[in-house]
file data-v2.pdb (PDB, C-alpha atoms)
ATOM      1  CA  MET A 368      72.560  69.067 117.797
ATOM      2  CA  PRO A 369      74.260  69.673 114.440
ATOM      3  CA  ALA A 370      72.688  72.268 112.149
ATOM      4  CA  ALA A 371      70.198  70.947 109.541
ATOM      5  CA  ALA A 372      71.828  70.203 106.164
ATOM      6  CA  ILE A 373      71.840  72.867 103.448
ATOM      7  CA  ASP A 374      72.427  71.803  99.844
ATOM      8  CA  THR A 375      75.800  73.366  99.002
ATOM      9  CA  GLN A 376      77.644  73.333  95.679
ATOM     10  CA  PHE A 377      81.423  73.654  95.720
ATOM     11  CA  THR A 378      83.156  74.210  92.382
ATOM     12  CA  ALA A 379      86.893  74.385  91.699
ATOM     13  CA  ASP A 380      87.754  73.446  88.132
ATOM     14  CA  PRO A 381      91.142  71.731  87.690
ATOM     15  CA  GLY A 382      93.870  74.216  86.842
ATOM     16  CA  ALA A 383      91.762  77.302  87.498
ATOM     17  CA  LEU A 384      92.602  80.116  89.922
ATOM     18  CA  ASP A 385      89.182  80.332  91.519
ATOM     19  CA  GLY A 386      86.557  78.423  93.432
ATOM     20  CA  THR A 387      82.902  78.978  94.237
ATOM     21  CA  VAL A 388      80.440  77.975  96.928
ATOM     22  CA  VAL A 389      76.698  78.393  96.269
ATOM     23  CA  ALA A 390      73.835  77.669  98.653
ATOM     24  CA  VAL A 391      70.302  78.862  99.283
ATOM     25  CA  ILE A 392      69.796  79.918 102.875
ATOM     26  CA  PRO A 393      66.153  79.827 104.041
ATOM     27  CA  ALA A 394      66.205  83.280 105.605
ATOM     28  CA  PRO A 395      65.691  86.881 104.470
ATOM     29  CA  ARG A 396      68.575  88.568 102.673
ATOM     30  CA  ASP A 397      69.060  91.214 105.346
ATOM     31  CA  ALA A 398      69.503  88.513 107.972
ATOM     32  CA  VAL A 399      71.990  86.557 105.848
ATOM     33  CA  PHE A 400      73.950  89.692 105.065
ATOM     34  CA  ARG A 401      74.148  90.570 108.745
ATOM     35  CA  CYS A 402      75.646  87.133 109.426
ATOM     36  CA  TYR A 403      78.605  88.212 107.252
ATOM     37  CA  ALA A 404      78.861  91.820 108.355
ATOM     38  CA  GLN A 405      78.317  91.668 112.114
ATOM     39  CA  PRO A 406      81.252  90.061 113.895
ATOM     40  CA  GLU A 407      79.242  88.602 116.779
ATOM     41  CA  LEU A 408      77.025  86.785 114.241
ATOM     42  CA  LEU A 409      79.911  85.768 111.969
ATOM     43  CA  ALA A 410      81.713  84.207 114.920
ATOM     44  CA  ARG A 411      78.769  81.829 115.405
ATOM     45  CA  TRP A 412      79.048  80.116 111.997
ATOM     46  CA  TRP A 413      82.433  80.920 110.428
ATOM     47  CA  SER A 414      84.409  77.971 111.811
ATOM     48  CA  PRO A 415      84.148  74.255 112.512
ATOM     49  CA  PRO A 416      82.396  73.653 115.855
ATOM     50  CA  SER A 417      85.641  72.296 117.329
ATOM     51  CA  LEU A 418      87.363  75.685 117.043
ATOM     52  CA  GLU A 419      86.807  78.784 119.095
ATOM     53  CA  VAL A 420      86.640  82.092 117.209
ATOM     54  CA  ARG A 421      88.199  85.302 118.460
ATOM     55  CA  ILE A 422      87.568  88.451 116.463
ATOM     56  CA  GLU A 423      90.359  90.905 116.992
ATOM     57  CA  ARG A 424      89.306  93.533 114.457
ATOM     58  CA  PHE A 425      86.321  93.659 112.123
ATOM     59  CA  GLU A 426      85.706  96.986 110.401
ATOM     60  CA  ALA A 427      82.932  95.871 108.048
ATOM     61  CA  HIS A 428      82.873  98.887 105.772
ATOM     62  CA  THR A 429      84.554  99.775 102.495
ATOM     63  CA  GLY A 430      88.213 100.427 103.332
ATOM     64  CA  GLY A 431      88.100  98.668 106.690
ATOM     65  CA  SER A 432      90.228  95.728 107.748
ATOM     66  CA  TRP A 433      89.741  92.581 109.800
ATOM     67  CA  ARG A 434      91.662  89.959 111.767
ATOM     68  CA  MET A 435      90.175  86.791 113.249
ATOM     69  CA  LEU A 436      91.617  83.812 115.071
ATOM     70  CA  ASN A 437      90.650  80.180 115.355
ATOM     71  CA  ILE A 438      91.718  78.522 118.586
ATOM     72  CA  ASP A 439      91.770  74.764 119.028
ATOM     73  CA  GLY A 440      91.283  72.740 122.212
ATOM     74  CA  ASP A 441      95.027  72.852 122.975
ATOM     75  CA  GLY A 442      95.100  76.653 122.732
ATOM     76  CA  ASN A 443      96.828  76.749 119.345
ATOM     77  CA  GLU A 444      95.940  79.930 117.469
ATOM     78  CA  PHE A 445      95.408  80.236 113.704
ATOM     79  CA  ALA A 446      95.098  83.805 112.497
ATOM     80  CA  PHE A 447      93.444  85.168 109.364
ATOM     81  CA  ARG A 448      93.344  88.741 108.135
ATOM     82  CA  GLY A 449      92.301  90.952 105.266
ATOM     83  CA  VAL A 450      90.831  94.232 104.067
ATOM     84  CA  PHE A 451      87.343  95.129 102.876
ATOM     85  CA  HIS A 452      87.421  96.430  99.320
ATOM     86  CA  GLU A 453      83.649  96.918  99.350
ATOM     87  CA  VAL A 454      80.811  96.356 101.771
ATOM     88  CA  ALA A 455      77.532  97.066  99.926
ATOM     89  CA  ALA A 456      74.597  96.050 102.137
ATOM     90  CA  PRO A 457      72.686  93.849 101.554
ATOM     91  CA  GLU A 458      74.086  92.716  98.204
ATOM     92  CA  ARG A 459      77.820  92.220  98.195
ATOM     93  CA  ILE A 460      81.018  92.067 100.224
ATOM     94  CA  VAL A 461      84.424  92.095  98.480
ATOM     95  CA  GLN A 462      87.443  91.461 100.672
ATOM     96  CA  THR A 463      90.929  90.011 100.766
ATOM     97  CA  PHE A 464      91.762  86.940 102.842
ATOM     98  CA  GLU A 465      95.093  85.547 104.027
ATOM     99  CA  TYR A 466      95.935  82.792 106.493
ATOM    100  CA  GLU A 467      98.891  84.178 108.403
ATOM    101  CA  GLY A 468     100.367  80.669 108.641
ATOM    102  CA  ALA A 469     100.859  80.738 104.858
ATOM    103  CA  PRO A 470     102.006  84.319 104.291
ATOM    104  CA  GLY A 471     101.794  85.545 100.717
ATOM    105  CA  SER A 472      98.903  83.248  99.830
ATOM    106  CA  VAL A 473      96.219  85.891  99.443
ATOM    107  CA  CYS A 474      92.827  85.581  97.805
ATOM    108  CA  LEU A 475      90.093  88.001  96.766
ATOM    109  CA  GLN A 476      86.666  86.916  98.009
ATOM    110  CA  THR A 477      83.323  88.147  96.748
ATOM    111  CA  ALA A 478      80.184  87.187  98.637
ATOM    112  CA  THR A 479      76.958  87.958  96.765
ATOM    113  CA  PHE A 480      73.459  87.781  98.253
ATOM    114  CA  ARG A 481      70.416  87.397  95.982
ATOM    115  CA  GLU A 482      66.755  87.085  96.920
ATOM    116  CA  VAL A 483      65.312  83.849  95.504
ATOM    117  CA  ASP A 484      62.340  81.582  96.134
ATOM    118  CA  GLY A 485      62.998  79.934  99.444
ATOM    119  CA  GLY A 486      65.293  82.563 100.852
ATOM    120  CA  THR A 487      68.669  83.993  99.897
ATOM    121  CA  GLU A 488      71.144  82.587  97.407
ATOM    122  CA  VAL A 489      74.662  83.054  98.720
ATOM    123  CA  THR A 490      77.542  82.873  96.242
ATOM    124  CA  GLU A 491      81.047  82.941  97.670
ATOM    125  CA  HIS A 492      83.659  83.327  94.950
ATOM    126  CA  ALA A 493      87.370  83.336  95.723
ATOM    127  CA  VAL A 494      90.206  83.933  93.286
ATOM    128  CA  PHE A 495      93.822  83.153  94.165
ATOM    129  CA  THR A 496      97.168  84.246  92.815
ATOM    130  CA  SER A 497      98.228  80.685  91.947
ATOM    131  CA  VAL A 498      96.541  77.360  91.243
ATOM    132  CA  ALA A 499      98.658  75.783  93.997
ATOM    133  CA  ASP A 500      97.259  78.275  96.518
ATOM    134  CA  ARG A 501      93.724  77.589  95.293
ATOM    135  CA  ASP A 502      94.243  73.817  95.499
ATOM    136  CA  GLY A 503      95.794  74.114  98.942
ATOM    137  CA  MET A 504      92.839  76.077 100.256
ATOM    138  CA  ALA A 505      90.332  73.708  98.634
ATOM    139  CA  ASP A 506      92.030  70.606 100.045
ATOM    140  CA  GLN A 507      92.785  72.001 103.498
ATOM    141  CA  GLY A 508      89.287  72.629 104.667
ATOM    142  CA  TRP A 509      87.460  74.839 102.192
ATOM    143  CA  ARG A 510      85.693  72.039 100.261
ATOM    144  CA  ASP A 511      84.882  70.013 103.384
ATOM    145  CA  PHE A 512      83.844  72.980 105.484
ATOM    146  CA  ALA A 513      81.569  74.611 102.872
ATOM    147  CA  PRO A 514      78.395  72.554 103.638
ATOM    148  CA  VAL A 515      79.096  72.715 107.375
ATOM    149  CA  GLY A 516      79.514  76.475 107.242
ATOM    150  CA  MET A 517      76.394  76.990 105.138
ATOM    151  CA  ALA A 518      74.330  74.862 107.552
ATOM    152  CA  GLN A 519      75.665  76.856 110.493
ATOM    153  CA  LEU A 520      74.990  80.115 108.634
ATOM    154  CA  ALA A 521      71.386  79.016 108.001
ATOM    155  CA  GLU A 522      70.955  78.207 111.675
ATOM    156  CA  VAL A 523      72.168  81.624 112.787
ATOM    157  CA  ALA A 524      70.274  83.544 110.046
ATOM    158  CA  ARG A 525      66.981  81.767 110.804
ATOM    159  CA  GLY A 526      67.263  82.746 114.436
ATOM    160  CA  LEU A 527      67.440  86.494 113.739
TER     161      LEU A 527
ATOM    162  CA  MET B1006     111.258 113.634  75.245
ATOM    163  CA  PRO B1007     109.694 110.200  75.753
ATOM    164  CA  ALA B1008     111.276 107.918  78.344
ATOM    165  CA  ALA B1009     113.896 105.424  77.050
ATOM    166  CA  ALA B1010     112.413 102.010  76.209
ATOM    167  CA  ILE B1011     112.386  99.244  78.817
ATOM    168  CA  ASP B1012     111.964  95.639  77.686
ATOM    169  CA  THR B1013     108.573  94.664  79.116
ATOM    170  CA  GLN B1014     106.846  91.286  78.985
ATOM    171  CA  PHE B1015     103.060  91.209  79.161
ATOM    172  CA  THR B1016     101.421  87.794  79.604
ATOM    173  CA  ALA B1017      97.698  87.009  79.651
ATOM    174  CA  ASP B1018      96.995  83.420  78.630
ATOM    175  CA  PRO B1019      93.680  82.905  76.800
ATOM    176  CA  GLY B1020      90.891  81.904  79.169
ATOM    177  CA  ALA B1021      92.886  82.585  82.348
ATOM    178  CA  LEU B1022      91.863  84.936  85.152
ATOM    179  CA  ASP B1023      95.224  86.640  85.507
ATOM    180  CA  GLY B1024      97.840  88.671  83.721
ATOM    181  CA  THR B1025     101.451  89.585  84.406
ATOM    182  CA  VAL B1026     103.857  92.374  83.538
ATOM    183  CA  VAL B1027     107.596  91.819  84.075
ATOM    184  CA  ALA B1028     110.402  94.310  83.484
ATOM    185  CA  VAL B1029     113.881  95.030  84.811
ATOM    186  CA  ILE B1030     114.227  98.628  85.931
ATOM    187  CA  PRO B1031     117.830  99.920  85.983
ATOM    188  CA  ALA B1032     117.598 101.417  89.457
ATOM    189  CA  PRO B1033     118.038 100.233  93.060
ATOM    190  CA  ARG B1034     115.170  98.320  94.627
ATOM    191  CA  ASP B1035     114.509 100.945  97.277
ATOM    192  CA  ALA B1036     114.070 103.590  94.611
ATOM    193  CA  VAL B1037     111.720 101.411  92.555
ATOM    194  CA  PHE B1038     109.685 100.513  95.606
ATOM    195  CA  ARG B1039     109.335 104.187  96.525
ATOM    196  CA  CYS B1040     107.936 104.867  93.056
ATOM    197  CA  TYR B1041     105.023 102.586  93.989
ATOM    198  CA  ALA B1042     104.609 103.619  97.612
ATOM    199  CA  GLN B1043     105.031 107.380  97.535
ATOM    200  CA  PRO B1044     102.088 109.108  95.857
ATOM    201  CA  GLU B1045     104.053 112.077  94.514
ATOM    202  CA  LEU B1046     106.405 109.641  92.724
ATOM    203  CA  LEU B1047     103.641 107.287  91.580
ATOM    204  CA  ALA B1048     101.782 110.208  90.002
ATOM    205  CA  ARG B1049     104.795 110.819  87.735
ATOM    206  CA  TRP B1050     104.690 107.445  85.973
ATOM    207  CA  TRP B1051     101.347 105.742  86.636
ATOM    208  CA  SER B1052      99.413 107.105  83.644
ATOM    209  CA  PRO B1053      99.788 107.893  79.946
ATOM    210  CA  PRO B1054     101.432 111.302  79.458
ATOM    211  CA  SER B1055      98.178 112.700  78.011
ATOM    212  CA  LEU B1056      96.379 112.284  81.343
ATOM    213  CA  GLU B1057      96.744 114.306  84.489
ATOM    214  CA  VAL B1058      96.860 112.364  87.767
ATOM    215  CA  ARG B1059      95.154 113.495  90.939
ATOM    216  CA  ILE B1060      95.749 111.469  94.072
ATOM    217  CA  GLU B1061      92.855 111.871  96.428
ATOM    218  CA  ARG B1062      93.902 109.328  99.055
ATOM    219  CA  PHE B1063      96.965 107.101  99.249
ATOM    220  CA  GLU B1064      97.525 105.337 102.564
ATOM    221  CA  ALA B1065     100.411 103.096 101.512
ATOM    222  CA  HIS B1066     100.445 100.786 104.494
ATOM    223  CA  THR B1067      98.848  97.437 105.283
ATOM    224  CA  GLY B1068      95.144  98.143 105.822
ATOM    225  CA  GLY B1069      95.212 101.536 104.121
ATOM    226  CA  SER B1070      93.152 102.561 101.127
ATOM    227  CA  TRP B1071      93.668 104.679  98.017
ATOM    228  CA  ARG B1072      91.755 106.626  95.360
ATOM    229  CA  MET B1073      93.307 108.206  92.269
ATOM    230  CA  LEU B1074      91.898 110.037  89.274
ATOM    231  CA  ASN B1075      92.985 110.407  85.692
ATOM    232  CA  ILE B1076      91.855 113.640  84.051
ATOM    233  CA  ASP B1077      91.921 114.130  80.308
ATOM    234  CA  GLY B1078      92.381 117.361  78.340
ATOM    235  CA  ASP B1079      88.609 118.008  78.365
ATOM    236  CA  GLY B1080      88.414 117.702  82.128
ATOM    237  CA  ASN B1081      86.792 114.254  82.127
ATOM    238  CA  GLU B1082      87.647 112.351  85.291
ATOM    239  CA  PHE B1083      88.280 108.605  85.560
ATOM    240  CA  ALA B1084      88.509 107.354  89.112
ATOM    241  CA  PHE B1085      90.228 104.244  90.476
ATOM    242  CA  ARG B1086      90.240 102.957  94.020
ATOM    243  CA  GLY B1087      91.311 100.084  96.224
ATOM    244  CA  VAL B1088      92.715  98.892  99.533
ATOM    245  CA  PHE B1089      96.209  97.811 100.529
ATOM    246  CA  HIS B1090      96.204  94.224 101.778
ATOM    247  CA  GLU B1091      99.949  94.365 102.406
ATOM    248  CA  VAL B1092     102.725  96.893 101.972
ATOM    249  CA  ALA B1093     106.029  95.147 102.763
ATOM    250  CA  ALA B1094     108.921  97.471 101.900
ATOM    251  CA  PRO B1095     110.923  96.981  99.741
ATOM    252  CA  GLU B1096     109.649  93.610  98.514
ATOM    253  CA  ARG B1097     105.948  93.492  97.891
ATOM    254  CA  ILE B1098     102.699  95.421  97.649
ATOM    255  CA  VAL B1099      99.362  93.562  97.537
ATOM    256  CA  GLN B1100      96.297  95.660  96.840
ATOM    257  CA  THR B1101      92.864  95.666  95.264
ATOM    258  CA  PHE B1102      92.061  97.756  92.197
ATOM    259  CA  GLU B1103      88.761  98.872  90.708
ATOM    260  CA  TYR B1104      87.902 101.342  87.969
ATOM    261  CA  GLU B1105      84.851 103.138  89.279
ATOM    262  CA  GLY B1106      83.481 103.394  85.745
ATOM    263  CA  ALA B1107      83.100  99.592  85.741
ATOM    264  CA  PRO B1108      81.860  98.931  89.263
ATOM    265  CA  GLY B1109      82.159  95.348  90.442
ATOM    266  CA  SER B1110      85.154  94.590  88.230
ATOM    267  CA  VAL B1111      87.758  94.245  90.957
ATOM    268  CA  CYS B1112      91.218  92.708  90.733
ATOM    269  CA  LEU B1113      93.890  91.717  93.225
ATOM    270  CA  GLN B1114      97.309  93.099  92.275
ATOM    271  CA  THR B1115     100.639  91.921  93.604
ATOM    272  CA  ALA B1116     103.747  93.942  92.775
ATOM    273  CA  THR B1117     107.002  92.156  93.631
ATOM    274  CA  PHE B1118     110.457  93.757  93.599
ATOM    275  CA  ARG B1119     113.579  91.593  93.282
ATOM    276  CA  GLU B1120     117.209  92.652  93.108
ATOM    277  CA  VAL B1121     118.817  91.338  89.909
ATOM    278  CA  ASP B1122     121.833  92.092  87.741
ATOM    279  CA  GLY B1123     121.112  95.422  86.118
ATOM    280  CA  GLY B1124     118.684  96.683  88.692
ATOM    281  CA  THR B1125     115.306  95.611  90.002
ATOM    282  CA  GLU B1126     112.975  93.074  88.481
ATOM    283  CA  VAL B1127     109.398  94.262  88.839
ATOM    284  CA  THR B1128     106.614  91.699  88.516
ATOM    285  CA  GLU B1129     103.065  93.007  88.498
ATOM    286  CA  HIS B1130     100.542  90.197  88.752
ATOM    287  CA  ALA B1131      96.807  90.858  88.640
ATOM    288  CA  VAL B1132      94.035  88.324  89.093
ATOM    289  CA  PHE B1133      90.417  89.105  88.217
ATOM    290  CA  THR B1134      87.082  87.620  89.188
ATOM    291  CA  SER B1135      86.172  86.777  85.572
ATOM    292  CA  VAL B1136      87.982  86.173  82.283
ATOM    293  CA  ALA B1137      85.823  88.885  80.688
ATOM    294  CA  ASP B1138      87.068  91.410  83.244
ATOM    295  CA  ARG B1139      90.657  90.308  82.665
ATOM    296  CA  ASP B1140      90.263  90.575  78.883
ATOM    297  CA  GLY B1141      88.587  93.954  79.182
ATOM    298  CA  MET B1142      91.432  95.323  81.266
ATOM    299  CA  ALA B1143      94.071  93.830  78.959
ATOM    300  CA  ASP B1144      92.439  95.235  75.823
ATOM    301  CA  GLN B1145      91.513  98.637  77.225
ATOM    302  CA  GLY B1146      94.947  99.912  78.004
ATOM    303  CA  TRP B1147      96.801  97.456  80.236
ATOM    304  CA  ARG B1148      98.698  95.623  77.462
ATOM    305  CA  ASP B1149      99.481  98.802  75.524
ATOM    306  CA  PHE B1150     100.356 100.887  78.543
ATOM    307  CA  ALA B1151     102.647  98.326  80.210
ATOM    308  CA  PRO B1152     105.860  99.225  78.290
ATOM    309  CA  VAL B1153     105.037 102.936  78.482
ATOM    310  CA  GLY B1154     104.499 102.724  82.221
ATOM    311  CA  MET B1155     107.669 100.717  82.817
ATOM    312  CA  ALA B1156     109.726 103.232  80.799
ATOM    313  CA  GLN B1157     108.227 106.105  82.788
ATOM    314  CA  LEU B1158     108.854 104.213  86.029
ATOM    315  CA  ALA B1159     112.514 103.712  85.059
ATOM    316  CA  GLU B1160     112.857 107.412  84.317
ATOM    317  CA  VAL B1161     111.484 108.419  87.710
ATOM    318  CA  ALA B1162     113.402 105.725  89.657
ATOM    319  CA  ARG B1163     116.729 106.602  88.018
ATOM    320  CA  GLY B1164     116.286 110.215  89.017
ATOM    321  CA  LEU B1165     115.997 109.449  92.737
TER     322      LEU B1165
END

call {"tool": "encode", "arguments": {"input": "data-v2.pdb", "output": "C-alpha cells"}}
result
Amino acid sequence: MPAAAIDTQFTADPGALDGTVVAVIPAPRDAVFRCYAQPELLARWWSPPSLEVRIERFEAHTGGSWRMLNIDGDGNEFAFRGVFHEVAAPERIVQTFEYEGAPGSVCLQTATFREVDGGTEVTEHAVFTSVADRDGMADQGWRDFAPVGMAQLAEVARGL
Amino acid sequence: MPAAAIDTQFTADPGALDGTVVAVIPAPRDAVFRCYAQPELLARWWSPPSLEVRIERFEAHTGGSWRMLNIDGDGNEFAFRGVFHEVAAPERIVQTFEYEGAPGSVCLQTATFREVDGGTEVTEHAVFTSVADRDGMADQGWRDFAPVGMAQLAEVARGL
C-alpha cells in the first residue's frame, strides 16, 4: 500500500542556485528528526520504493561523513556521499551531498525541523554551485520524488 | 613590506547566492595547492596582517574537518569552522565554511587550481544559503580582503 499523500511544496525559481521542499509531517519533531539522523530509519524513506538502499557509512554528527547507495532491480549501484557540517538535534542538519555519478556537482543541504500545529514542518533547502547542476537535480528526480519521499517519511515517523 | 599586488577579480552579482574570486598566482600549481592544504602555509596568508591565526584543527582530506581562529591585538578571538567535502590534490578543494559569530550562516566553498601561462589560476567560488548571508560576507571583509589575500598567497607560494 503506498504511503498516504502529504502536501509538499517544491520551489526552484528559474535561474536561481537553490531549491526548497516544504511539508508538514503529522508526527512529533523528535520522531521526524530521528528519521533523518538514524540510518536504519532514513533507509526506509529516502528512496523510491523500486530502489534498495545500502548505507555504507553514516556518522550523523557535526564533522561526520556519510555514503549511501541505491541499488536497482538489475543490481546497478548509484552512490551518494557527503559530510555533516552540523547536526543539531532536533532542529537542523547541514550537510553536503554529491552523486558520485556526476562528480563535482556538489550541493549544500539544510534540513530544518519546526514544531507547528499538526506536527512538524520540514524545510529542505539545497544550494548548488551552478544553475545547471540545480536544474539537473530538479529534473532528474528531486521534484518528482519530493512528495513521494515526504509521504514515506510521514509513514515512518508516525510509526515511531 | 606589503606583498606585491596581484590582479584579483571579485564578482558577486546583485541578488545572487554566490560570489567568486579569481586571480593568477605566479607560482607552480603544486605550491599554490599546498598553500591551501597545509595549515602552516595557510596560516601565513589566510588573514589580514593585523590578525594572528591559530589553527585548532585542519584535517585536509576528504571527510576531514577544520577550525581556525583569528585573534586581534586585544586578544579577541573570531572562530571559523567547516568540513572538507573533497580534497583532490592539486586541482580542487570543496569545503563548508561558517563564522561561529554568525551561527547558521554556512557557505559551500570550491577552490579550483588550473595551470595557465604565468602560473596558476585560482578560482574561489562560494555559494550561500541566502542572499543576505552572501551580501554580509561580501561587505564584511570578503571583497576588500580578496586582493590582499591573493597577494599574500602569491608571496608564500613563490617562496616554496

call {"tool": "resolve_selection", "arguments": {"input": "data-v2.pdb", "expression": "the PyMOL selection byres ((chain B and resi 1064) around 12)", "output": "VMD selection string"}}
result
(chain A and resid 430) or (chain B and resid 1041 to 1044 1060 to 1063 1065 to 1073 1086 to 1092 1100)

call {"tool": "residues_around", "arguments": {"input": "data-v2.pdb", "residues": "A:Ser472", "least_positions_apart": "3", "cutoff": "9 Å", "atoms": "all atoms listed in the file", "output": "VMD selection string"}}
result
chain A and resid 464 to 467 469 495 to 497 500 to 501

call {"tool": "residues_around", "arguments": {"input": "data-v2.pdb", "residues": "A:Ser414", "least_positions_apart": "3", "cutoff": "12 Å", "atoms": "all atoms listed in the file", "output": "list in words"}}
result
Leu408, Leu409, Ala410, Arg411, Ser417, Leu418, Glu419, Val420, Arg421, Ile422, Met435, Leu436, Asn437, Ile438, Asp439, Phe445, Phe447, Gly508, Trp509, Asp511, Phe512, Ala513, Pro514, Val515, Gly516, Met517, Ala518, Gln519 and Leu520 of chain A

call {"tool": "write_last_selection", "arguments": {"input": "data-v2.pdb", "atoms": "C-alpha atoms", "output": "PDB file, keeping the file's coordinate frame"}}
result
ATOM      1  CA  LEU A 408      77.025  86.785 114.241  1.00  0.00           C
ATOM      2  CA  LEU A 409      79.911  85.768 111.969  1.00  0.00           C
ATOM      3  CA  ALA A 410      81.713  84.207 114.920  1.00  0.00           C
ATOM      4  CA  ARG A 411      78.769  81.829 115.405  1.00  0.00           C
ATOM      5  CA  SER A 417      85.641  72.296 117.329  1.00  0.00           C
ATOM      6  CA  LEU A 418      87.363  75.685 117.043  1.00  0.00           C
ATOM      7  CA  GLU A 419      86.807  78.784 119.095  1.00  0.00           C
ATOM      8  CA  VAL A 420      86.640  82.092 117.209  1.00  0.00           C
ATOM      9  CA  ARG A 421      88.199  85.302 118.460  1.00  0.00           C
ATOM     10  CA  ILE A 422      87.568  88.451 116.463  1.00  0.00           C
ATOM     11  CA  MET A 435      90.175  86.791 113.249  1.00  0.00           C
ATOM     12  CA  LEU A 436      91.617  83.812 115.071  1.00  0.00           C
ATOM     13  CA  ASN A 437      90.650  80.180 115.355  1.00  0.00           C
ATOM     14  CA  ILE A 438      91.718  78.522 118.586  1.00  0.00           C
ATOM     15  CA  ASP A 439      91.770  74.764 119.028  1.00  0.00           C
ATOM     16  CA  PHE A 445      95.408  80.236 113.704  1.00  0.00           C
ATOM     17  CA  PHE A 447      93.444  85.168 109.364  1.00  0.00           C
ATOM     18  CA  GLY A 508      89.287  72.629 104.667  1.00  0.00           C
ATOM     19  CA  TRP A 509      87.460  74.839 102.192  1.00  0.00           C
ATOM     20  CA  ASP A 511      84.882  70.013 103.384  1.00  0.00           C
ATOM     21  CA  PHE A 512      83.844  72.980 105.484  1.00  0.00           C
ATOM     22  CA  ALA A 513      81.569  74.611 102.872  1.00  0.00           C
ATOM     23  CA  PRO A 514      78.395  72.554 103.638  1.00  0.00           C
ATOM     24  CA  VAL A 515      79.096  72.715 107.375  1.00  0.00           C
ATOM     25  CA  GLY A 516      79.514  76.475 107.242  1.00  0.00           C
ATOM     26  CA  MET A 517      76.394  76.990 105.138  1.00  0.00           C
ATOM     27  CA  ALA A 518      74.330  74.862 107.552  1.00  0.00           C
ATOM     28  CA  GLN A 519      75.665  76.856 110.493  1.00  0.00           C
ATOM     29  CA  LEU A 520      74.990  80.115 108.634  1.00  0.00           C
TER      30      LEU A 520
END

call {"tool": "atom_distance", "arguments": {"input": "data-v2.pdb", "atom1": "atom CA of A:Ile392", "atom2": "atom CA of A:Ala371"}}
result
11.2 Å

call {"tool": "atom_distance", "arguments": {"input": "data-v2.pdb", "atom1": "atom CA of A:Leu475", "atom2": "atom CA of B:Val1037"}}
result
25.8 Å

call {"tool": "atom_distance", "arguments": {"input": "data-v2.pdb", "atom1": "atom CA of A:Asp484", "atom2": "atom CA of A:Asp385"}}
result
27.3 Å

call {"tool": "resolve_selection", "arguments": {"input": "data-v2.pdb", "expression": "the PyMOL selection byres ((chain B and resi 1130) around 8)", "output": "list of chain:residue names"}}
result
A:Thr496, B:Asp1023, B:Gly1024, B:Thr1025, B:Val1026, B:Gln1114, B:Thr1115, B:Ala1116, B:Thr1128, B:Glu1129, B:Ala1131, B:Val1132

call {"tool": "axis_aligned_box", "arguments": {"input": "data-v2.pdb", "around": "stretch 1083-1087 of chain B", "padding_each_side": "4 Å", "output": "AutoDock Vina command-line options"}}
result
--center_x 89.8 --center_y 104.3 --center_z 90.9 --size_x 11.0 --size_y 16.5 --size_z 18.7

call {"tool": "residues_around", "arguments": {"input": "data-v2.pdb", "residues": "A:Arg396", "least_positions_apart": "3", "cutoff": "9 Å", "atoms": "all atoms listed in the file", "output": "ChimeraX atom specification"}}
result
/A:392,399-401,457-458,480-482,486-488

call {"tool": "closest_residue", "arguments": {"input": "data-v2.pdb", "among": "A:Ala379, A:Ile373, A:Ala398, A:Cys474", "to": "chain B", "atoms": "only C-alpha atoms"}}
result
A:Cys474

call {"tool": "closest_residue", "arguments": {"input": "data-v2.pdb", "among": "A:Gly471, A:Pro381, A:Gly526, A:Gly440", "to": "chain B", "atoms": "all atoms listed in the file"}}
result
A:Gly471

call {"tool": "closest_residue", "arguments": {"input": "data-v2.pdb", "among": "A:Pro415, A:Pro393, A:Pro470, A:Gly503", "to": "chain B", "atoms": "all atoms listed in the file"}}
result
A:Pro470

call {"tool": "closest_residue", "arguments": {"input": "data-v2.pdb", "among": "B:Phe1015, B:Gly1080, B:Ala1008, B:Arg1097", "to": "chain A", "atoms": "only C-alpha atoms"}}
result
B:Arg1097
